[in-house]
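Below: the structure, in structure tokens.
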Amino acid sequence: MKHTLKTVFLLVLISSACTHPKDTVDYVDPFIGTDFFGHTFPGPSLPHAMVHLSPDVYTQGWTYCAGYVYPGSSIMGFSHTHWSGVGMVDGGDVLIMPDVGQKLRLTPGSPDNPDEGYRSGFDHKDETASAGYYSVLLKDCNVKAELTSTRRAGFHRYTFPEAENSRIIIDLGHQIGTYRPEQKSEIKIVNNNIIEGFRNARHGKVWFVAEFNKPFAYYGTFDADYRTPESDAGIFPYKNAEKGEKIGAFVYFRTSENEQVLVKVGISYTGIEGARKNLAGEIPHWDFDIVRNNARETWNKELSKIIIEDPSEEKKQIFYTALYHSLLAQYISNDVDGKYRGPDGKIHIAKDYDYYGSFSCWDTYRSQHPLLTIVAGEHVNDFIKSIESKTREYGWLPAQHFNNVFGESMVGDHLVPVIVDAFMKGYRDFDVDFLYDAMRTKALELPSPPVRATAGRSGLQYITEKGYIPADRVTESVSKTLEMAYDDWCIAQMARELGKEDDYRMFMSRALNYKNLWDYGTGFMRPRNHDGSWLEALDGHEQEILKEGDHAWYRYFDPLLVGRRPNRHYTESNAWQYIWSVQHDIDGLINLLGGKEGFVARLDTFFSMSPLITPPKYVGVVGTTGQYVHGNQPSHHVAYLYNYAGMPWKTQEKVRHVTGELYRTGPGGLCGNEDMGSLSSWYVFSAMGFYPVTPGSTYYVTGSPLFRKATIDTGNGKSFSVEAINNSETNIYIQSGSLNGRPLSRSWITHAEITSGGRLVFEMGPEPEKTRGVNQADLPPSTH
């Protein structure tokens with residue numbers, strides 16, 4: 001009897017342990033997006049951090065923008081800066097790599113011949129990644145590498161075998177990409193435990209301080225670009241400093257079996273002193289597990305701002321990894337003491353806020369920044385204060401940029417919607433008048449020296465003169481005309497809030513410039529020449545490239561042509577995909593397409609036609625449903641547009657198709673570039689059942705919730721939940737809805753309804769409910 005009771009008790013304990021709910025952080029899989037050009041990285045970081053520590057398997061070419069791809073079979077080392085999902089080949093600063101063996105190797109070698117360098121083979125069965133932690137067994141040297149991090153420092157733990165010649169290399173010549181700096185990097189071995197220096201990177205100098213827990217047995221520097229005539233090598237034993245492009249340091253240890261060598265690395269964009277302070281302020285001890293556990297708890301706290309209740313473990317893994325990538329994507333640039341290097345090259349102090357040096361805003365304004373206004377509100381004012389600071393220091397409102405290196409590489413003026421969206425949602429702890437004036441000035445004028453003219457809006461003079469940008473004068477003229485019309489609409493919203501009625505009317509008028517490219521004959525936003533004529537139709541001609549001065553462009557209009565820069569008329573898209581880039585005036589677009597029936601018919605065709613484009617093929621045309629391209633941002637809002645025509649069930653169908661088909665577990669789980677949280681934030685919104693079609697407004701358009709229940713912690717003790725009763729893979733259509741117990745027939749909600757807390761409930765079913773969301777009052781506000 002006692003034996004039976006004991007057995008039952010043990011079974012109860014085992015059952016209880018097996019059913020213990022996971023923490024939100026346990027669902028994160030950092031490997032999602034590391035294949036198929038997702039360009040994510042698996043290494044550790046924290047939300048809103050400076051350090052993004054991760055393994056690099058190769059660094060040359062667009063495929064390796066993040067340094068790591070899952071099909072890789074050898075690792076070059078572990079570097080401290082990576083961009084999350086961008087199409088920019090950059091980063092990989094301050095690489096550290098352990099090694100064991102007689103021969104000191106100065107270069108990583110190639111993936112095809114790894115033995116010629118210090119890179120090491122690995123197996124995925126020996127590799128693990130979670131939020132804030134990464135580990136792998138380096139097979140060639142039998143070293144277990146473990147990584148964790150704080151916001152400004154990386155922590156390495158290397159478990160060595162017994163060896164007389166264990167060593168660690170710091171390679172400052174390593175980088176992702178092929179940038180050749182004008183100035184050289186420098187490294188200094190300070191003593192038997194500390195190495196410091198800086199690397200001249202594409203986006204400025206990266207200073208570092210590396211501390212080791214074990215004194216060096218031997219040390220030296222190297223220059224992989226130089227071979228002395230005497231030794232035929234670039235190795236300099238016991239030399240404590242080096243300057244050059246492909247320089248580094250090596251240190252040797254005598255290790256016992258399973259001895260752990262720890263390395264702490266602080267980085268800074270201000271100087272060596274900043275790196276020292278960052279390291280001392282964030283990792284003042286040698287306990288790797290404390291840092292690892294703190295990283296886990298930080299992530300768990302942030303991810304728990306949205307609680308998902310649903311039986312599907314797979315969908316929760318996709319969701320929390322998407323939320324992880326969304327929260328990862330905004331990078332700070334200031335040190336622990338607030339110092340940062342501004343765009344003027346000077347050191348400034350961010351008082352009581354974090355300074356963000358990079359804004360990939362063509363990607364992030366659409367959904368990533370709007371998501372953060374809900375789940376990371378404590379950081380939103382810091383984003384806008386950072387924009388304010390760099391505008392003062394630069395003397396001009398920048399557009400998309402990384403580490404304060406400004407360039408108009410992507411179309412539009414999309415810090416404008418980032419600012420206005422935050423402002424309209426109540427975030428105003430910044431100099432509102434200053435930023436409004438900066439946006440207004442940039443929309444109306446070109447900059448004066450010392451700000452270069454290319455920092456102004458591309459084609460602005462033609463907007464003022466003609467109301468559109470001519471195809472025979474400016475690259476990507478259609479996209480620029482449409483996107484700047486939307487930017488002007490955003491400025492108008494802020495002008496109205498500030499009581500600037502003349503400005504409001506002026507910018508609202510300019511917001512209609514998109515109509516100047518509407519061709520009723522073809523039903524497309526069509527390239528237009530400077531003389532007012534339409535770009536000639538292809539009509540059986542062979543495509544040509546015309547050139548006048550520095551400008552080159554495709555001669556014929558082909559709605560399926562994406563093309564290549566600098567010849568193309570649409571940004572990373574074609575005419576079919578850019579029809580819909582009128583987020584600020586959906587009713588106006590509906591009218592251009594002949595009313596709601598014509599609008600819906602065009603949407604139906606868009607989603608059902610062939611995904612093929614006119615050659616040349618383009619790598620961004622991925623994640624396709626017809627000509628809808630989920631792998632690139634211009635299509636992201638389109639599935640939600642059926643709501644504006646009173647057919648929300650079609651939105652529900654399309655959104656559920658995308659969430660189910662184009663987001664999956666595993667390394668190949670993303671259909672395109674993650675682009676600093678843009679793909680992931682789309683999923684977070686859509687899985688919860690609503691989406692910000694028009695950033696700069698306070699409205700969200702409803703779709704089809706993926707989960708039985710999602711609860712958002714909106715702060716101040718309030719929460720907002722979305723419940724989907726009878727939800728399933730087949731019950732994707734909303735039958736009825738209620739908000740805080742009152743019937744809800746409209747297909748939109750407001751930001752205030754979310755942040756005030758409440759309960760949104762949908763009854764789901766297998767067939768469309770075609771009487772809901774059809775009346776004029778139920779349609780989302782068109783905003784213009």
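In the structure tokens, the first chain shown is A, the next is B, and so on; residue numbers restart at 1 for each chain, and ligands run from 1 in the order shown.
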When you look at segment 730-738 of chain A with a cut-off of 8 Å (counting only C-alpha atoms), what residues show up, excluding the ones that are within fewer than 3 positions of it in the same chain? I need them as a short mmCIF file (atom, residue, chain, number, x, y, z; two decimals) with N, CA, C and O atoms, in the first residue's frame.
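Everything below was put into result_29.cif:
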data_model
loop_
_atom_site.label_atom_id
_atom_site.label_comp_id
_atom_site.auth_asym_id
_atom_site.auth_seq_id
_atom_site.Cartn_x
_atom_site.Cartn_y
_atom_site.Cartn_z
N TRP A 649 -14.40 40.45 -44.39
CA TRP A 649 -14.13 39.01 -44.43
C TRP A 649 -13.01 38.66 -45.40
O TRP A 649 -12.30 37.67 -45.22
N GLN A 652 -9.89 39.24 -43.50
CA GLN A 652 -9.69 38.15 -42.56
C GLN A 652 -9.09 36.93 -43.25
O GLN A 652 -8.17 36.28 -42.73
N GLU A 653 -9.58 36.62 -44.42
CA GLU A 653 -9.07 35.47 -45.17
C GLU A 653 -7.61 35.67 -45.58
O GLU A 653 -6.77 34.78 -45.41
N ARG A 656 -5.13 35.72 -42.48
CA ARG A 656 -4.90 34.39 -41.93
C ARG A 656 -4.04 33.54 -42.88
O ARG A 656 -3.26 32.69 -42.44
N SER A 704 -8.00 39.15 -38.42
CA SER A 704 -8.51 37.89 -37.89
C SER A 704 -7.55 37.40 -36.82
O SER A 704 -6.43 36.97 -37.15
N PRO A 705 -7.93 37.46 -35.55
CA PRO A 705 -7.01 37.05 -34.47
C PRO A 705 -6.57 35.61 -34.65
O PRO A 705 -7.36 34.74 -35.02
N ASN A 726 -14.21 30.24 -30.27
CA ASN A 726 -14.36 29.24 -31.32
C ASN A 726 -13.32 29.40 -32.44
O ASN A 726 -13.56 29.02 -33.59
N ASN A 727 -12.18 29.96 -32.10
CA ASN A 727 -11.14 30.18 -33.10
C ASN A 727 -10.47 28.85 -33.47
O ASN A 727 -10.28 27.99 -32.61
N GLY A 741 -18.01 44.73 -23.54
CA GLY A 741 -19.37 44.27 -23.33
C GLY A 741 -20.41 44.87 -24.25
O GLY A 741 -21.57 44.45 -24.23
N ARG A 742 -20.02 45.83 -25.09
CA ARG A 742 -20.97 46.46 -26.01
C ARG A 742 -20.73 45.94 -27.43
O ARG A 742 -19.59 45.76 -27.83
N PRO A 743 -21.79 45.72 -28.18
CA PRO A 743 -21.64 45.19 -29.54
C PRO A 743 -20.72 46.09 -30.38
O PRO A 743 -20.78 47.32 -30.31
N LEU A 744 -19.87 45.46 -31.18
CA LEU A 744 -18.93 46.18 -32.04
C LEU A 744 -19.06 45.64 -33.46
O LEU A 744 -18.71 44.50 -33.73
N SER A 745 -19.57 46.48 -34.34
CA SER A 745 -19.71 46.06 -35.74
C SER A 745 -18.65 46.69 -36.63
O SER A 745 -18.45 46.24 -37.76
N LEU A 760 -11.76 43.13 -25.95
CA LEU A 760 -12.30 43.01 -27.30
C LEU A 760 -12.55 41.52 -27.55
O LEU A 760 -11.64 40.70 -27.45
N VAL A 761 -13.80 41.18 -27.88
CA VAL A 761 -14.17 39.78 -28.05
C VAL A 761 -14.75 39.57 -29.44
O VAL A 761 -15.63 40.33 -29.88
N PHE A 762 -14.25 38.55 -30.12
CA PHE A 762 -14.79 38.18 -31.42
C PHE A 762 -15.31 36.74 -31.35
O PHE A 762 -14.67 35.86 -30.77
N GLU A 763 -16.46 36.53 -31.95
CA GLU A 763 -16.98 35.18 -32.16
C GLU A 763 -16.57 34.78 -33.57
O GLU A 763 -16.87 35.47 -34.54
N MET A 764 -15.87 33.64 -33.68
CA MET A 764 -15.32 33.21 -34.96
C MET A 764 -16.16 32.09 -35.57
O MET A 764 -16.83 31.32 -34.86
N GLY A 765 -16.11 31.97 -36.90
CA GLY A 765 -16.85 30.92 -37.60
C GLY A 765 -16.18 30.55 -38.90
O GLY A 765 -15.26 31.24 -39.37
N PRO A 766 -16.65 29.48 -39.56
CA PRO A 766 -16.01 28.98 -40.78
C PRO A 766 -16.45 29.67 -42.06
O PRO A 766 -15.84 29.46 -43.11
N GLU A 767 -17.50 30.47 -41.99
CA GLU A 767 -18.02 31.14 -43.18
C GLU A 767 -18.02 32.65 -42.97
O GLU A 767 -18.21 33.13 -41.85
N PRO A 768 -17.83 33.43 -44.03
CA PRO A 768 -17.85 34.90 -43.89
C PRO A 768 -19.20 35.40 -43.37
O PRO A 768 -20.25 34.90 -43.79
N GLU A 769 -19.15 36.37 -42.48
CA GLU A 769 -20.36 37.07 -42.03
C GLU A 769 -20.41 38.37 -42.82
O GLU A 769 -19.75 39.36 -42.48
N ARG A 772 -21.62 42.17 -41.43
CA ARG A 772 -20.86 42.89 -40.40
C ARG A 772 -19.76 43.71 -41.07
O ARG A 772 -19.07 43.27 -41.97
#
* For Gly459 of chain A, please output as a PyMOL selection string all residues within 10 Å (counting only C-alpha atoms; exclusion window: fewer than 6 positions along the same chain). => chain A and resi 446+468-470+473-475+477+480-481
Expected file: the selected residues, C-alpha atoms, as a PDB file, in the first residue's frame:
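Final file, out_18.pdb:
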ATOM      1  CA  LEU A 446      16.502  72.244 -49.734  1.00  0.00           C
ATOM      2  CA  TYR A 468       4.947  65.134 -59.025  1.00  0.00           C
ATOM      3  CA  ILE A 469       8.492  63.919 -59.584  1.00  0.00           C
ATOM      4  CA  PRO A 470       9.376  63.299 -63.262  1.00  0.00           C
ATOM      5  CA  ARG A 473      14.714  63.462 -64.021  1.00  0.00           C
ATOM      6  CA  VAL A 474      14.755  61.383 -60.817  1.00  0.00           C
ATOM      7  CA  THR A 475      15.186  57.672 -59.981  1.00  0.00           C
ATOM      8  CA  SER A 477      10.031  58.885 -59.186  1.00  0.00           C
ATOM      9  CA  LYS A 480       9.034  59.190 -54.120  1.00  0.00           C
ATOM     10  CA  THR A 481       5.948  61.117 -55.222  1.00  0.00           C
TER      11      THR A 481
END
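Backbone DSSP over segment 290-432 of chain A yields strand (DSSP E) at Ile306, Ile307, Ile308, Glu309, Lys339, Tyr340, Arg341, Ile347, His348, Ile349, His401, Phe402, Val405 and Phe406 of chain A.
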With distances taken over only C-alpha atoms, the candidate from A:Gly499, A:Pro667, A:Pro161, A:Gly696 nearest Pro30 of chain A is A:Pro667
message = Need to verify the contact set: segment 41-50 of chain A, 8 Å, only C-alpha atoms, exclusion of same-chain residues closer than 5 positions in sequence. Can you return it as an NGL selection string?
response = :A and (30-31 or 33-34 or 55 or 66-69 or 81-82 or 84-85 or 129-134 or 147-153 or 295 or 298-299 or 327-333)
Notebook entry, point to check: Near Glu445 of chain A, within 10 Å and counting only C-alpha atoms, which residues show up once chain neighbours fewer than 6 positions away are dropped, as a PyMOL selection string?
Noted result: chain A and resi 456-457+460-461+464
Restricted to C-alpha atoms, what would the selected residues look like written as a PDB file, in the first residue's frame?
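Result written to part-v7.pdb:
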ATOM      1  CA  GLY A 456      17.071  67.191 -48.791  1.00  0.00           C
ATOM      2  CA  ARG A 457      14.007  65.510 -50.204  1.00  0.00           C
ATOM      3  CA  LEU A 460      11.517  68.389 -54.048  1.00  0.00           C
ATOM      4  CA  GLN A 461      11.875  71.127 -56.654  1.00  0.00           C
ATOM      5  CA  THR A 464       6.852  72.373 -55.816  1.00  0.00           C
TER       6      THR A 464
END
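Excluding Ser268 of chain A itself and same-chain residues fewer than 5 positions from it, the residues having an atom within 7 Å of it are Val206, Trp207, Phe208, Gly274, Ala275 and Asp335 of chain A, counting only C-alpha atoms.
The interatomic distance for the pair atom CA of Lys617 of chain A and atom CA of Gly540 of chain A works out to 19.3 Å.
Proximity of A:Tyr324, A:Tyr355, A:Phe319, A:Tyr158 to Gln260 of chain A, computed with only C-alpha atoms, is greatest for A:Tyr158.
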Open item on the list: Could you list, as number ranges by chain, every residue within 8 Å of segment 236-245 of chain A, counting only C-alpha atoms and ignoring same-chain residues fewer than 4 positions away?
Closed with: A: 172-173, 181, 184-190, 218-223, 225
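Relative to atom CA of Val411 of chain A, atom CA of Glu476 of chain A is found at 7.9 Å.
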Between atom CA of Ala280 of chain A and atom CA of Asn294 of chain A lies a distance of 16.3 Å
For Thr694 of chain A, work out the shell of residues within 10 Å, counting only C-alpha atoms and skipping chain neighbours fewer than 3 positions away, then give it as a PDB file with C-alpha atoms, in the first residue's frame.
ATOM      1  CA  TYR A 365       7.644  53.301 -39.573  1.00  0.00           C
ATOM      2  CA  ARG A 366       4.905  50.998 -40.873  1.00  0.00           C
ATOM      3  CA  SER A 367       4.493  48.602 -37.938  1.00  0.00           C
ATOM      4  CA  PRO A 370       3.619  51.753 -33.944  1.00  0.00           C
ATOM      5  CA  PRO A 417       5.637  59.419 -39.593  1.00  0.00           C
ATOM      6  CA  ASP A 421       2.666  58.746 -34.946  1.00  0.00           C
ATOM      7  CA  TYR A 486       1.958  60.507 -47.328  1.00  0.00           C
ATOM      8  CA  CYS A 490       1.507  63.295 -41.579  1.00  0.00           C
ATOM      9  CA  VAL A 582      -1.902  55.800 -50.484  1.00  0.00           C
ATOM     10  CA  GLN A 583      -2.419  54.814 -46.841  1.00  0.00           C
ATOM     11  CA  HIS A 584      -3.547  58.338 -46.021  1.00  0.00           C
ATOM     12  CA  ASP A 585      -6.430  58.534 -48.502  1.00  0.00           C
ATOM     13  CA  ILE A 586      -7.942  55.108 -49.098  1.00  0.00           C
ATOM     14  CA  HIS A 637      -0.863  47.011 -45.365  1.00  0.00           C
ATOM     15  CA  TYR A 691      -2.899  46.528 -37.715  1.00  0.00           C
ATOM     16  CA  SER A 697      -3.360  58.319 -37.246  1.00  0.00           C
ATOM     17  CA  THR A 698      -4.692  56.758 -34.056  1.00  0.00           C
ATOM     18  CA  TYR A 699      -6.642  53.988 -35.801  1.00  0.00           C
ATOM     19  CA  TYR A 700      -5.981  50.279 -36.135  1.00  0.00           C
ATOM     20  CA  VAL A 701      -7.847  48.137 -38.658  1.00  0.00           C
ATOM     21  CA  PRO A 781     -11.706  56.271 -41.253  1.00  0.00           C
ATOM     22  CA  SER A 782     -10.023  57.000 -44.570  1.00  0.00           C
ATOM     23  CA  THR A 783      -8.123  59.788 -42.776  1.00  0.00           C
TER      24      THR A 783
END
Judged by only C-alpha atoms, the minimum distance to Ala485 of chain A among A:Tyr64, A:Tyr514, A:Phe423, A:Tyr353 is found for A:Tyr514
(message) as a PyMOL selection string, please: every residue in segment 430-602 of chain A that DSSP puts in helix (DSSP H, G or I).
(response) chain A and resi 432-444+453-455+460-466+477-497+501-510+513-517+575-578+586-592+596-602
